[in-house]
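Source file: model05.cif (mmCIF, N, CA and C atoms and all ligand atoms)
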data_model
loop_
_atom_site.label_atom_id
_atom_site.label_comp_id
_atom_site.auth_asym_id
_atom_site.auth_seq_id
_atom_site.Cartn_x
_atom_site.Cartn_y
_atom_site.Cartn_z
N MET A 110 0.85 -1.21 0.00
CA MET A 110 0.00 0.00 0.00
C MET A 110 0.88 1.25 0.00
N LEU A 111 0.59 2.17 -0.89
CA LEU A 111 1.37 3.40 -0.96
C LEU A 111 0.92 4.38 0.12
N SER A 112 1.86 5.18 0.58
CA SER A 112 1.49 6.29 1.46
C SER A 112 1.20 7.52 0.61
N CYS A 113 0.62 8.54 1.24
CA CYS A 113 0.34 9.77 0.51
C CYS A 113 1.63 10.38 -0.03
N ASP A 114 2.72 10.23 0.73
CA ASP A 114 4.01 10.73 0.27
C ASP A 114 4.44 10.05 -1.02
N ASP A 115 4.30 8.72 -1.05
CA ASP A 115 4.66 7.97 -2.25
C ASP A 115 3.85 8.48 -3.44
N VAL A 116 2.56 8.66 -3.19
CA VAL A 116 1.69 9.08 -4.27
C VAL A 116 2.09 10.46 -4.79
N SER A 117 2.35 11.39 -3.86
CA SER A 117 2.67 12.73 -4.33
C SER A 117 3.99 12.73 -5.09
N ARG A 118 4.90 11.83 -4.72
CA ARG A 118 6.16 11.74 -5.44
C ARG A 118 5.96 11.22 -6.87
N LEU A 119 5.01 10.32 -7.02
CA LEU A 119 4.79 9.69 -8.33
C LEU A 119 3.73 10.40 -9.16
N LEU A 120 3.11 11.41 -8.53
CA LEU A 120 1.93 12.00 -9.13
C LEU A 120 2.17 12.56 -10.52
N PHE A 121 3.32 13.26 -10.66
CA PHE A 121 3.55 13.90 -11.95
C PHE A 121 3.70 12.86 -13.05
N ASP A 122 4.44 11.79 -12.74
CA ASP A 122 4.61 10.72 -13.73
C ASP A 122 3.28 10.04 -14.02
N TYR A 123 2.48 9.89 -12.96
CA TYR A 123 1.17 9.27 -13.13
C TYR A 123 0.33 10.09 -14.09
N ILE A 124 0.31 11.40 -13.89
CA ILE A 124 -0.52 12.25 -14.73
C ILE A 124 0.02 12.32 -16.15
N SER A 125 1.35 12.32 -16.27
CA SER A 125 1.91 12.33 -17.63
C SER A 125 1.86 10.95 -18.27
N GLU A 126 1.29 9.98 -17.55
CA GLU A 126 1.16 8.60 -18.04
C GLU A 126 2.51 8.00 -18.40
N ASP A 127 3.48 8.29 -17.53
CA ASP A 127 4.84 7.81 -17.70
C ASP A 127 5.16 6.62 -16.80
N LEU A 128 4.16 6.13 -16.07
CA LEU A 128 4.42 5.09 -15.08
C LEU A 128 4.13 3.71 -15.64
N PRO A 129 4.91 2.72 -15.18
CA PRO A 129 4.55 1.34 -15.52
C PRO A 129 3.19 0.99 -14.93
N THR A 130 2.50 0.05 -15.58
CA THR A 130 1.13 -0.29 -15.17
C THR A 130 1.02 -0.65 -13.69
N GLU A 131 2.03 -1.39 -13.15
CA GLU A 131 1.94 -1.80 -11.74
C GLU A 131 1.85 -0.57 -10.85
N ASP A 132 2.72 0.43 -11.13
CA ASP A 132 2.72 1.62 -10.29
C ASP A 132 1.42 2.39 -10.44
N ARG A 133 0.92 2.43 -11.66
CA ARG A 133 -0.33 3.16 -11.89
C ARG A 133 -1.48 2.48 -11.12
N ASP A 134 -1.47 1.16 -11.13
CA ASP A 134 -2.51 0.44 -10.40
C ASP A 134 -2.43 0.73 -8.90
N LEU A 135 -1.19 0.78 -8.37
CA LEU A 135 -1.03 1.08 -6.95
C LEU A 135 -1.57 2.45 -6.63
N ILE A 136 -1.25 3.42 -7.48
CA ILE A 136 -1.73 4.78 -7.23
C ILE A 136 -3.24 4.83 -7.32
N GLU A 137 -3.80 4.17 -8.33
CA GLU A 137 -5.25 4.22 -8.47
C GLU A 137 -5.93 3.56 -7.27
N ALA A 138 -5.33 2.51 -6.74
CA ALA A 138 -5.90 1.88 -5.55
C ALA A 138 -5.87 2.85 -4.38
N HIS A 139 -4.79 3.61 -4.27
CA HIS A 139 -4.70 4.60 -3.20
C HIS A 139 -5.72 5.72 -3.40
N LEU A 140 -5.86 6.17 -4.65
CA LEU A 140 -6.77 7.27 -4.94
C LEU A 140 -8.21 6.91 -4.61
N LEU A 141 -8.55 5.63 -4.78
CA LEU A 141 -9.91 5.21 -4.47
C LEU A 141 -10.24 5.42 -3.01
N LYS A 142 -9.19 5.31 -2.16
CA LYS A 142 -9.43 5.39 -0.72
C LYS A 142 -9.09 6.75 -0.14
N CYS A 143 -8.36 7.55 -0.89
CA CYS A 143 -7.81 8.77 -0.30
C CYS A 143 -8.31 10.01 -1.04
N LEU A 144 -9.22 10.71 -0.40
CA LEU A 144 -9.80 11.90 -1.00
C LEU A 144 -8.75 12.99 -1.18
N ALA A 145 -7.82 13.11 -0.23
CA ALA A 145 -6.81 14.17 -0.30
C ALA A 145 -5.97 14.02 -1.56
N CYS A 146 -5.51 12.80 -1.83
CA CYS A 146 -4.68 12.59 -3.01
C CYS A 146 -5.49 12.74 -4.29
N ARG A 147 -6.77 12.36 -4.20
CA ARG A 147 -7.62 12.50 -5.38
C ARG A 147 -7.77 13.97 -5.75
N SER A 148 -7.96 14.83 -4.75
CA SER A 148 -8.10 16.24 -5.10
C SER A 148 -6.77 16.82 -5.55
N LEU A 149 -5.67 16.25 -5.05
CA LEU A 149 -4.35 16.66 -5.53
C LEU A 149 -4.22 16.36 -7.02
N VAL A 150 -4.63 15.15 -7.41
CA VAL A 150 -4.60 14.78 -8.82
C VAL A 150 -5.46 15.74 -9.64
N ASP A 151 -6.65 16.05 -9.11
CA ASP A 151 -7.54 16.96 -9.82
C ASP A 151 -6.90 18.32 -10.02
N SER A 152 -6.27 18.85 -8.96
CA SER A 152 -5.71 20.18 -9.12
C SER A 152 -4.49 20.16 -10.04
N TYR A 153 -3.69 19.10 -9.96
CA TYR A 153 -2.57 18.97 -10.90
C TYR A 153 -3.08 19.00 -12.34
N ARG A 154 -4.14 18.22 -12.55
CA ARG A 154 -4.67 18.15 -13.92
C ARG A 154 -5.19 19.51 -14.37
N ALA A 155 -5.86 20.21 -13.46
CA ALA A 155 -6.41 21.53 -13.80
C ALA A 155 -5.28 22.49 -14.14
N VAL A 156 -4.21 22.46 -13.35
CA VAL A 156 -3.08 23.36 -13.59
C VAL A 156 -2.44 23.04 -14.93
N ILE A 157 -2.25 21.75 -15.20
CA ILE A 157 -1.63 21.35 -16.46
C ILE A 157 -2.49 21.78 -17.64
N ARG A 158 -3.81 21.64 -17.48
CA ARG A 158 -4.70 22.03 -18.55
C ARG A 158 -4.62 23.54 -18.77
N LEU A 159 -4.66 24.29 -17.67
CA LEU A 159 -4.55 25.75 -17.77
C LEU A 159 -3.25 26.14 -18.45
N ALA A 160 -2.16 25.50 -18.02
CA ALA A 160 -0.85 25.84 -18.56
C ALA A 160 -0.82 25.57 -20.06
N SER A 161 -1.45 24.49 -20.48
CA SER A 161 -1.41 24.16 -21.90
C SER A 161 -2.32 25.07 -22.71
N GLU A 162 -3.30 25.69 -22.05
CA GLU A 162 -4.20 26.59 -22.77
C GLU A 162 -3.66 28.02 -22.79
N LEU A 163 -2.69 28.28 -21.91
CA LEU A 163 -2.26 29.64 -21.67
C LEU A 163 -1.82 30.41 -22.91
N PRO A 164 -0.96 29.81 -23.76
CA PRO A 164 -0.49 30.59 -24.92
C PRO A 164 -1.65 30.98 -25.84
N ALA A 165 -2.64 30.11 -25.97
CA ALA A 165 -3.75 30.41 -26.85
C ALA A 165 -4.71 31.42 -26.23
N LYS A 166 -4.94 31.26 -24.92
CA LYS A 166 -5.94 32.10 -24.27
C LYS A 166 -5.35 32.76 -23.03
N PRO A 167 -4.76 33.93 -23.16
CA PRO A 167 -4.26 34.61 -21.96
C PRO A 167 -5.42 34.96 -21.03
N VAL A 168 -5.14 34.93 -19.73
CA VAL A 168 -6.19 35.25 -18.77
C VAL A 168 -6.57 36.73 -18.92
N PRO A 169 -7.84 37.03 -19.15
CA PRO A 169 -8.24 38.42 -19.31
C PRO A 169 -8.11 39.18 -17.99
N PRO A 170 -7.64 40.44 -18.05
CA PRO A 170 -7.44 41.21 -16.82
C PRO A 170 -8.71 41.32 -15.99
N SER A 171 -9.88 41.34 -16.65
CA SER A 171 -11.13 41.46 -15.90
C SER A 171 -11.34 40.24 -15.01
N LEU A 172 -10.89 39.06 -15.50
CA LEU A 172 -11.02 37.85 -14.69
C LEU A 172 -10.13 37.96 -13.45
N LEU A 173 -8.91 38.48 -13.66
CA LEU A 173 -8.02 38.67 -12.52
C LEU A 173 -8.64 39.61 -11.50
N ASP A 174 -9.26 40.69 -11.98
CA ASP A 174 -9.93 41.63 -11.08
C ASP A 174 -11.02 40.93 -10.29
N ASN A 175 -11.82 40.13 -10.99
CA ASN A 175 -12.89 39.40 -10.31
C ASN A 175 -12.33 38.50 -9.23
N LEU A 176 -11.23 37.80 -9.55
CA LEU A 176 -10.63 36.89 -8.58
C LEU A 176 -10.15 37.66 -7.36
N ARG A 177 -9.50 38.82 -7.63
CA ARG A 177 -8.99 39.61 -6.51
C ARG A 177 -10.13 40.10 -5.63
N ARG A 178 -11.24 40.54 -6.29
CA ARG A 178 -12.39 41.03 -5.54
C ARG A 178 -12.99 39.89 -4.72
N ALA A 179 -13.10 38.71 -5.33
CA ALA A 179 -13.67 37.56 -4.63
C ALA A 179 -12.80 37.21 -3.42
N ALA A 180 -11.49 37.29 -3.59
CA ALA A 180 -10.59 36.99 -2.48
C ALA A 180 -10.78 37.98 -1.36
N LYS A 181 -10.97 39.27 -1.71
CA LYS A 181 -11.16 40.30 -0.70
C LYS A 181 -12.46 40.06 0.04
N GLU A 182 -13.54 39.76 -0.72
CA GLU A 182 -14.82 39.52 -0.08
C GLU A 182 -14.74 38.33 0.85
N HIS A 183 -14.00 37.31 0.42
CA HIS A 183 -13.84 36.13 1.26
C HIS A 183 -13.17 36.52 2.57
N ASP A 184 -12.13 37.36 2.47
CA ASP A 184 -11.43 37.83 3.67
C ASP A 184 -12.38 38.52 4.63
N SER A 185 -13.21 39.46 4.10
CA SER A 185 -14.06 40.21 5.01
C SER A 185 -15.15 39.30 5.59
N ASP A 186 -15.57 38.28 4.82
CA ASP A 186 -16.50 37.31 5.38
C ASP A 186 -15.90 36.63 6.60
N VAL A 187 -14.64 36.26 6.47
CA VAL A 187 -13.98 35.56 7.57
C VAL A 187 -13.98 36.44 8.81
N HIS A 188 -13.68 37.74 8.59
CA HIS A 188 -13.64 38.63 9.75
C HIS A 188 -15.02 38.83 10.35
N ARG A 189 -16.06 38.95 9.43
CA ARG A 189 -17.39 39.23 9.93
C ARG A 189 -17.92 38.06 10.77
N SER A 190 -17.57 36.81 10.33
CA SER A 190 -18.12 35.66 11.05
C SER A 190 -17.27 35.32 12.28
N ASP A 191 -16.23 36.10 12.50
CA ASP A 191 -15.39 35.89 13.68
C ASP A 191 -16.20 36.15 14.94
N PRO A 192 -16.34 35.16 15.80
CA PRO A 192 -17.21 35.35 16.98
C PRO A 192 -16.51 36.20 18.05
N GLY A 193 -16.68 37.50 17.94
CA GLY A 193 -16.10 38.41 18.91
C GLY A 193 -16.95 38.47 20.17
N PRO A 194 -16.60 39.34 21.08
CA PRO A 194 -17.44 39.52 22.29
C PRO A 194 -18.80 40.08 21.92
N ALA A 195 -19.88 39.50 22.41
CA ALA A 195 -21.23 39.89 22.02
C ALA A 195 -21.68 41.15 22.76
ZN ZN A 201 -3.31 9.81 -0.02
#
Please go through the file and, once you have read it, give me the structure as structure tokens.
Amino acid sequence: MLSCDDVSRLLFDYISEDLPTEDRDLIEAHLLKCLACRSLVDSYRAVIRLASELPAKPVPPSLLDNLRRAAKEHDSDVHRSDPGPA
């Protein structure tokens, strides 16, 4: 059985489909049981997809603005829900 460390070490090869079948099977067995590693695989794949799309489709500045605004709103939400003295 692989540990999460083993999986994260092999993850890039797994995603690039550079692993021998035995190793891939081991990782897939781990992914079935481990939500953390599964979301790691998902985010790796998303990043790789974004990176491969980047030259064709640069991120529009308005999207960056939206992201920054969303991050700021998230911050103030965190502060507002902070249970201070009543
Ligand atoms: Zn894991």
Expected answer as a ChimeraX atom specification: residues within 6.5 Å of ligand ZN 201 (chain A), only N, CA and C atoms and all ligand atoms: /A:112-114,139-140,143-147
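We find atom CA of A:Ala155 and atom C of A:Pro169 to be spaced 18.2 Å apart.
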Length of the atom CA of A:Leu135 to atom CA of A:Val150 vector [Å]: 14.3 Å
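Reported to one decimal place, the separation of atom N of A:Ile157 from atom C of A:Leu172 is 18.1 Å.
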DSSP alpha helix (DSSP H) residues within chain A, as a PyMOL selection string: chain A and resi 113-124+130-142+144-162+170-189
So that all listed atoms of stretch 121-124 of chain A fit with 4 Å spare on each side, what axis-aligned box centre and edge lengths in Å, to one decimal, would you give as JSON?
{"center_x": 2.0, "center_y": 11.6, "center_z": -13.4, "size_x": 13.1, "size_y": 12.6, "size_z": 13.5}
Residues within 8 Å of A:Ile124, only N, CA and C atoms, excluding chain neighbours under 5 positions, as a VMD selection string: chain A and resid 119 150 153 to 154
